[in-house]
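*Asks:* Sharing a structure below in structure tokens format, with a few things to ask.
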Amino acid sequence: IFSSPSPVYQRRILAWTNPATSTLAAAQFNNASWKGLYSGFMGFCGASFVESDGTVQLNTSIYQGCDAIREAAKDVEFHMCLGTVPPSAIANPNATIAAAVSLALQHNWSGYNIDDESHTAPRGTPAEFRAWVQFINAFSNGLHQHGLQLTADVQSVTLPWKYQPSDELTQLLTDSTIDRWINMDTYYFSTGRFMDALDYYSNVAMPAAKCGVGMLNRKDISDDGYVARFHAIQNSGVLELDM
């Protein structure tokens, strides 16, 4: 076992950024010792859903605040972040798709990341979660037709099922056409809780290939804690980290 050659991992690492951190992120990206580390960035840089009709709009002033990181990282992926999905988008995803595709192609984005933290999960009941995933699938299908990607952040996904394992939930997440679900339950708590969440999201809730692992830079994690986390990530088969 120990003499066997190690598998080749082509892990993706993406990092969230915003106007307040854009300049620092650009400096970090340009740090020579980190060359080649990042596959791309996800930016809270001025895009949002329009509540009334579900389309996507861009605040150009906020967008300009991310100029530093967009210029520094122009040769890697850039995914625009969106927040809570409004009912109007769920009811009419075609309007969302048309507006989102137009903006992405105009600004040369790689796709979108959805950070919808409504009801934590997001969505508070199984019925709401089903409708939300149906929107995610329609949105991702529309983006894929133009070579664009979609990811969405999830945490406490078992909440609508009263925190119990659910075959229906696993099927919803696994069968989705989204590129990756980014697990945010690995942000918090102890090493044991990290491993428990990683096992659930990469082995039970969805295939490892559809799972991204969200992580935070935290002063409370020891060197041993980080070694354990990355050893677990390598063995999980997950190929994307989102920092």
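Numbering starts fresh at 1 for the residues of each chain in the structure tokens, the chains themselves are lettered A, B, ... in the order given, and ligands are numbered from 1 as they appear.
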When you look at range 189-198 of chain A with a cut-off of 8 Å (counting only C-alpha atoms), what residues show up, excluding the ones that are within fewer than 4 positions of it in the same chain? I need them as a PyMOL selection string.
*Replies:* chain A and resi 185+202-203+213+225+228-229+232-233+236
*Asks:* Print the selection's residues with N, CA and C atoms to a file, as a PDB file, in the first residue's frame.
*Replies:*
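The resulting file, out15.pdb, is shown below:
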```
ATOM      1  N   ASP A 185     -21.102  23.674   5.513  1.00  0.00           N
ATOM      2  CA  ASP A 185     -21.060  23.107   6.862  1.00  0.00           C
ATOM      3  C   ASP A 185     -19.635  22.794   7.299  1.00  0.00           C
ATOM      4  N   SER A 202     -19.963  14.392   0.507  1.00  0.00           N
ATOM      5  CA  SER A 202     -19.230  13.773  -0.603  1.00  0.00           C
ATOM      6  C   SER A 202     -19.568  12.305  -0.815  1.00  0.00           C
ATOM      7  N   ASN A 203     -20.174  11.650   0.182  1.00  0.00           N
ATOM      8  CA  ASN A 203     -20.456  10.217   0.072  1.00  0.00           C
ATOM      9  C   ASN A 203     -21.930   9.860   0.129  1.00  0.00           C
ATOM     10  N   VAL A 213     -15.897  21.953  -1.300  1.00  0.00           N
ATOM     11  CA  VAL A 213     -15.719  22.058   0.154  1.00  0.00           C
ATOM     12  C   VAL A 213     -15.403  23.497   0.519  1.00  0.00           C
ATOM     13  N   GLY A 225      -4.947  20.020  12.948  1.00  0.00           N
ATOM     14  CA  GLY A 225      -6.312  20.109  12.457  1.00  0.00           C
ATOM     15  C   GLY A 225      -6.354  20.296  10.950  1.00  0.00           C
ATOM     16  N   ALA A 228      -5.251  16.999   9.218  1.00  0.00           N
ATOM     17  CA  ALA A 228      -6.359  16.035   9.232  1.00  0.00           C
ATOM     18  C   ALA A 228      -7.417  16.400   8.200  1.00  0.00           C
ATOM     19  N   ARG A 229      -7.742  17.677   8.108  1.00  0.00           N
ATOM     20  CA  ARG A 229      -8.750  18.112   7.142  1.00  0.00           C
ATOM     21  C   ARG A 229      -8.314  17.804   5.703  1.00  0.00           C
ATOM     22  N   ALA A 232      -8.325  14.170   4.875  1.00  0.00           N
ATOM     23  CA  ALA A 232      -9.696  13.708   4.644  1.00  0.00           C
ATOM     24  C   ALA A 232     -10.201  14.160   3.281  1.00  0.00           C
ATOM     25  N   ILE A 233      -9.883  15.391   2.888  1.00  0.00           N
ATOM     26  CA  ILE A 233     -10.318  15.897   1.580  1.00  0.00           C
ATOM     27  C   ILE A 233      -9.711  15.055   0.459  1.00  0.00           C
ATOM     28  N   SER A 236     -11.451  11.821   0.148  1.00  0.00           N
ATOM     29  CA  SER A 236     -12.871  11.905  -0.191  1.00  0.00           C
ATOM     30  C   SER A 236     -13.119  11.875  -1.686  1.00  0.00           C
TER      31      SER A 236
END
```
*Asks:* Could you pull the residues within 8 Å of Ser22 in chain A, counting only C-alpha atoms, minus those fewer than 5 positions along the same chain, as a short mmCIF file (atom, residue, chain, number, x, y, z; two decimals) with N, CA, C and O atoms, in the first residue's frame?
*Replies:*
```cif
data_model
loop_
_atom_site.label_atom_id
_atom_site.label_comp_id
_atom_site.auth_asym_id
_atom_site.auth_seq_id
_atom_site.Cartn_x
_atom_site.Cartn_y
_atom_site.Cartn_z
N THR A 17 -14.41 36.88 -3.14
CA THR A 17 -13.86 38.22 -2.95
C THR A 17 -14.98 39.24 -3.11
O THR A 17 -16.09 38.91 -3.53
N GLY A 65 -15.44 48.28 -8.08
CA GLY A 65 -14.68 48.05 -6.87
C GLY A 65 -13.91 46.74 -6.89
O GLY A 65 -13.01 46.53 -6.08
N CYS A 66 -14.27 45.85 -7.82
CA CYS A 66 -13.56 44.58 -7.96
C CYS A 66 -12.57 44.59 -9.12
O CYS A 66 -12.08 43.54 -9.54
N ASP A 67 -12.27 45.79 -9.64
CA ASP A 67 -11.37 45.89 -10.79
C ASP A 67 -10.00 45.27 -10.51
O ASP A 67 -9.41 44.63 -11.39
N ALA A 68 -9.48 45.44 -9.30
CA ALA A 68 -8.12 44.97 -9.00
C ALA A 68 -8.00 43.47 -9.16
O ALA A 68 -7.09 42.96 -9.82
N ILE A 69 -8.93 42.73 -8.56
CA ILE A 69 -8.84 41.27 -8.65
C ILE A 69 -9.21 40.79 -10.05
O ILE A 69 -8.61 39.84 -10.57
#
```
*Asks:* So, counting only C-alpha atoms, which residue among A:Ala100, A:Ser118, A:Met243, A:His144 is closest to Ala25 in chain A?
*Replies:*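 Among the listed residues, the smallest separation from Ala25 in chain A belongs to A:Met243.
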*Asks:* DSSP on the backbone, then: every residue of range 151-241 of chain A marked strand (DSSP E or B), written as a PyMOL selection string.
*Replies:* chain A and resi 151-154+180-183+211-214+240-241
*Asks:* Considering only C-alpha atoms, state which residue in the set A:Ile114, A:Leu216, A:Val76, A:Ile136 is at the smallest distance from Lys35 in chain A.
*Replies:* A:Val76
*Asks:* Between CA of Asn108 in chain A and CA of Leu143 in chain A, what distance in Å does the model show, to one decimal?
*Replies:* 13.1 Å
*Asks:* Within 10 Å of Arg130 in chain A, counting only C-alpha atoms, which residues qualify if same-chain residues fewer than 6 places away don't, as a list of chain:residue names?
*Replies:*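 Everything that qualifies: A:Arg123, A:Ile136, A:Glu168, A:Leu169, A:Leu172, A:Leu173.
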*Asks:* Can those selected residues be exported to a file as a PDB file, in the first residue's frame so that it contains N, CA, C and O atoms?
*Replies:*
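Final file, part09.pdb:
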```
ATOM      1  N   ARG A 123     -34.150  27.459   1.963  1.00  0.00           N
ATOM      2  CA  ARG A 123     -35.538  27.019   1.857  1.00  0.00           C
ATOM      3  C   ARG A 123     -35.966  26.199   3.068  1.00  0.00           C
ATOM      4  O   ARG A 123     -35.262  25.301   3.499  1.00  0.00           O
ATOM      5  N   ILE A 136     -32.729  25.890  -9.840  1.00  0.00           N
ATOM      6  CA  ILE A 136     -31.285  25.699 -10.027  1.00  0.00           C
ATOM      7  C   ILE A 136     -31.019  24.890 -11.293  1.00  0.00           C
ATOM      8  O   ILE A 136     -30.121  25.218 -12.092  1.00  0.00           O
ATOM      9  N   GLU A 168     -34.933  11.404  -0.604  1.00  0.00           N
ATOM     10  CA  GLU A 168     -35.408  12.409  -1.560  1.00  0.00           C
ATOM     11  C   GLU A 168     -34.397  13.537  -1.700  1.00  0.00           C
ATOM     12  O   GLU A 168     -34.093  13.986  -2.816  1.00  0.00           O
ATOM     13  N   LEU A 169     -33.842  14.003  -0.578  1.00  0.00           N
ATOM     14  CA  LEU A 169     -32.854  15.073  -0.620  1.00  0.00           C
ATOM     15  C   LEU A 169     -31.623  14.634  -1.413  1.00  0.00           C
ATOM     16  O   LEU A 169     -31.111  15.376  -2.259  1.00  0.00           O
ATOM     17  N   LEU A 172     -32.416  14.718  -5.051  1.00  0.00           N
ATOM     18  CA  LEU A 172     -32.498  16.087  -5.550  1.00  0.00           C
ATOM     19  C   LEU A 172     -31.105  16.659  -5.815  1.00  0.00           C
ATOM     20  O   LEU A 172     -30.856  17.273  -6.859  1.00  0.00           O
ATOM     21  N   LEU A 173     -30.193  16.463  -4.869  1.00  0.00           N
ATOM     22  CA  LEU A 173     -28.841  17.015  -5.006  1.00  0.00           C
ATOM     23  C   LEU A 173     -28.037  16.267  -6.053  1.00  0.00           C
ATOM     24  O   LEU A 173     -27.293  16.869  -6.834  1.00  0.00           O
TER      25      LEU A 173
END
```
*Asks:* Give one line per residue of range 73-120 of chain A that approaches range 55-61 of chain A to at most 6 Å, naming the two atoms of the closest pair and their distance in Å to one decimal, counting only C-alpha atoms; sort by chain then ascending residue number and deliver it as JSON lines.
*Replies:*
```
{"residue": "A:Ala95", "atom": "CA", "partner": "A:Thr55", "partner_atom": "CA", "distance": 5.4}
{"residue": "A:Thr96", "atom": "CA", "partner": "A:Thr55", "partner_atom": "CA", "distance": 4.3}
{"residue": "A:Ala99", "atom": "CA", "partner": "A:Val56", "partner_atom": "CA", "distance": 5.5}
{"residue": "A:Ala100", "atom": "CA", "partner": "A:Val56", "partner_atom": "CA", "distance": 5.6}
```
*Asks:* Go ahead and save the residues from that selection, with N, CA, C and O atoms, as a PDB file, in the first residue's frame.
*Replies:*
```
ATOM      1  N   ALA A  95     -36.497  34.265 -17.630  1.00  0.00           N
ATOM      2  CA  ALA A  95     -36.107  35.670 -17.529  1.00  0.00           C
ATOM      3  C   ALA A  95     -34.747  35.801 -16.851  1.00  0.00           C
ATOM      4  O   ALA A  95     -33.903  36.615 -17.254  1.00  0.00           O
ATOM      5  N   THR A  96     -34.534  34.982 -15.823  1.00  0.00           N
ATOM      6  CA  THR A  96     -33.239  34.972 -15.137  1.00  0.00           C
ATOM      7  C   THR A  96     -32.138  34.555 -16.101  1.00  0.00           C
ATOM      8  O   THR A  96     -31.076  35.199 -16.180  1.00  0.00           O
ATOM      9  N   ALA A  99     -31.172  37.277 -18.848  1.00  0.00           N
ATOM     10  CA  ALA A  99     -30.416  38.411 -18.322  1.00  0.00           C
ATOM     11  C   ALA A  99     -29.030  37.987 -17.853  1.00  0.00           C
ATOM     12  O   ALA A  99     -28.033  38.687 -18.092  1.00  0.00           O
ATOM     13  N   ALA A 100     -28.947  36.834 -17.184  1.00  0.00           N
ATOM     14  CA  ALA A 100     -27.665  36.365 -16.645  1.00  0.00           C
ATOM     15  C   ALA A 100     -26.696  36.021 -17.762  1.00  0.00           C
ATOM     16  O   ALA A 100     -25.496  36.346 -17.686  1.00  0.00           O
TER      17      ALA A 100
END
```
*Asks:* With only C-alpha atoms as the basis for distance, which of A:Ala73, A:Met42, A:Leu24, A:Ala205 is at the shortest distance from Asp242 in chain A?
*Replies:*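 With only C-alpha atoms as the atom set, the closest residue is A:Met42.
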*Asks:* From the options A:Ala15, A:Met80, A:Ile97, A:Val227, which residue's atoms come nearest to Phe135 in chain A, counting only C-alpha atoms?
*Replies:* A:Ile97
*Asks:* Would you mind telling me which residue in A:Lys210, A:His146, A:Arg218, A:Arg180 lies nearest to Gly237 in chain A when using only C-alpha atoms?
*Replies:*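 Among A:Lys210, A:His146, A:Arg218, A:Arg180, it is A:Lys210 that comes nearest to Gly237 in chain A.
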*Asks:* Give the alpha helix (DSSP H) residues of range 28-119 of chain A, as DSSP finds them on the backbone, and put them as a ChimeraX atom specification.
*Replies:* /A:28-29,60-64,67-72,87-91,93-107
*Asks:* Which is closest to Gln164 in chain A among A:Tyr226, A:Tyr200, A:Phe139, A:Trp132, if we use only C-alpha atoms?
*Replies:*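 Closest candidate: A:Tyr200.
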*Asks:* Within 10 Å of Asp53 in chain A, counting only C-alpha atoms, which residues qualify if same-chain residues fewer than 3 places away don't, as a list in words?
*Replies:*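 The residues that qualify are Phe49, Val50, Val56, Pro86, Pro87, Ser88, Ala89, Ile90, Ala91, Asn92, Pro93, Ala95 and Thr96 of chain A.
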